[in-house]
Amino acid sequence: MTRQNLFSGAWHGDTARPGTRHRVFWRPDDARMGATLYELAPGTPEDRIHMHFGAEEMFFVLRGRPVLRNQQGTETLAPGDVVFCPEGRAGLHTFSNPTDEPVEILAMSAGGFPDVVAYPEDGYAWVATRDPDPELLAKGGDPGIIARFEIPIE
């Protein structure tokens, strides 16, 4: 067992999404459960709405009032709210922070590979048979298959 602390440790820096940083929690090889703490700066726009075929996710709002958009519309969340996103269309989701205060969301996921992540409003999906982390590949990890393909725009 490895112990980590949710509230200490270095952020992994800015992600490709402006105004967002994250802290990924270690998980052993072949584990299906993982967690990432996200911080959304004030005014962070929503990311692309997406769904997974190969993973389930739960999101715990720790601080702030993020806006969740899913297939039912948009909803403002509050600290303590928990959102479950099952595999497939029922788990379609994205978050934003239109407020003047930072937001912290703990994301927990359970899944494995292969995974398909579909972005129906953008018209593409990714298929991955391994973790796409290039550092794992550089350490001799499974090269697997990671491919993007077009899907109908919704």
# chains A, B, ... in the order shown; residues from 1 in each chain; ligands from 1

call {"tool": "residues_around", "arguments": {"residues": "Cys85 of chain A", "least_positions_apart": "3", "cutoff": "7 Å", "atoms": "only C-alpha atoms", "output": "list in words"}}
result
Glu56, Glu57, Met58, Ala90 and Gly91 of chain A

call {"tool": "closest_residue", "arguments": {"among": "A:Ile146, A:Leu37, A:Met51, A:Met108", "to": "Arg130 of chain A", "atoms": "only C-alpha atoms"}}
result
A:Ile146

call {"tool": "closest_residue", "arguments": {"among": "A:Leu68, A:Val61, A:Ala31, A:Ala138", "to": "Asp47 of chain A", "atoms": "only C-alpha atoms"}}
result
A:Leu68

call {"tool": "closest_residue", "arguments": {"among": "A:Pro79, A:Arg65, A:Ile49, A:Asn70", "to": "Glu121 of chain A", "atoms": "only C-alpha atoms"}}
result
A:Ile49

call {"tool": "closest_residue", "arguments": {"among": "A:Glu104, A:Gly140, A:Trp126, A:Glu154", "to": "Gln71 of chain A", "atoms": "only C-alpha atoms"}}
result
A:Glu154

call {"tool": "residues_around", "arguments": {"residues": "Val127 of chain A", "least_positions_apart": "4", "cutoff": "8 Å", "atoms": "only C-alpha atoms", "output": "PyMOL selection string"}}
result
chain A and resi 114-117+145-148

call {"tool": "residues_around", "arguments": {"residues": "Arg23 of chain A", "least_positions_apart": "2", "cutoff": "10 Å", "atoms": "only C-alpha atoms", "output": "PyMOL selection string"}}
result
chain A and resi 6-13+21+25-26+35-39+106

call {"tool": "atom_distance", "arguments": {"atom1": "atom CA of Thr20 of chain A", "atom2": "atom CA of Ala41 of chain A"}}
result
6.2 Å

call {"tool": "residues_around", "arguments": {"residues": "Phe59 of chain A", "least_positions_apart": "4", "cutoff": "6 Å", "atoms": "only C-alpha atoms", "output": "count of residues only"}}
result
4
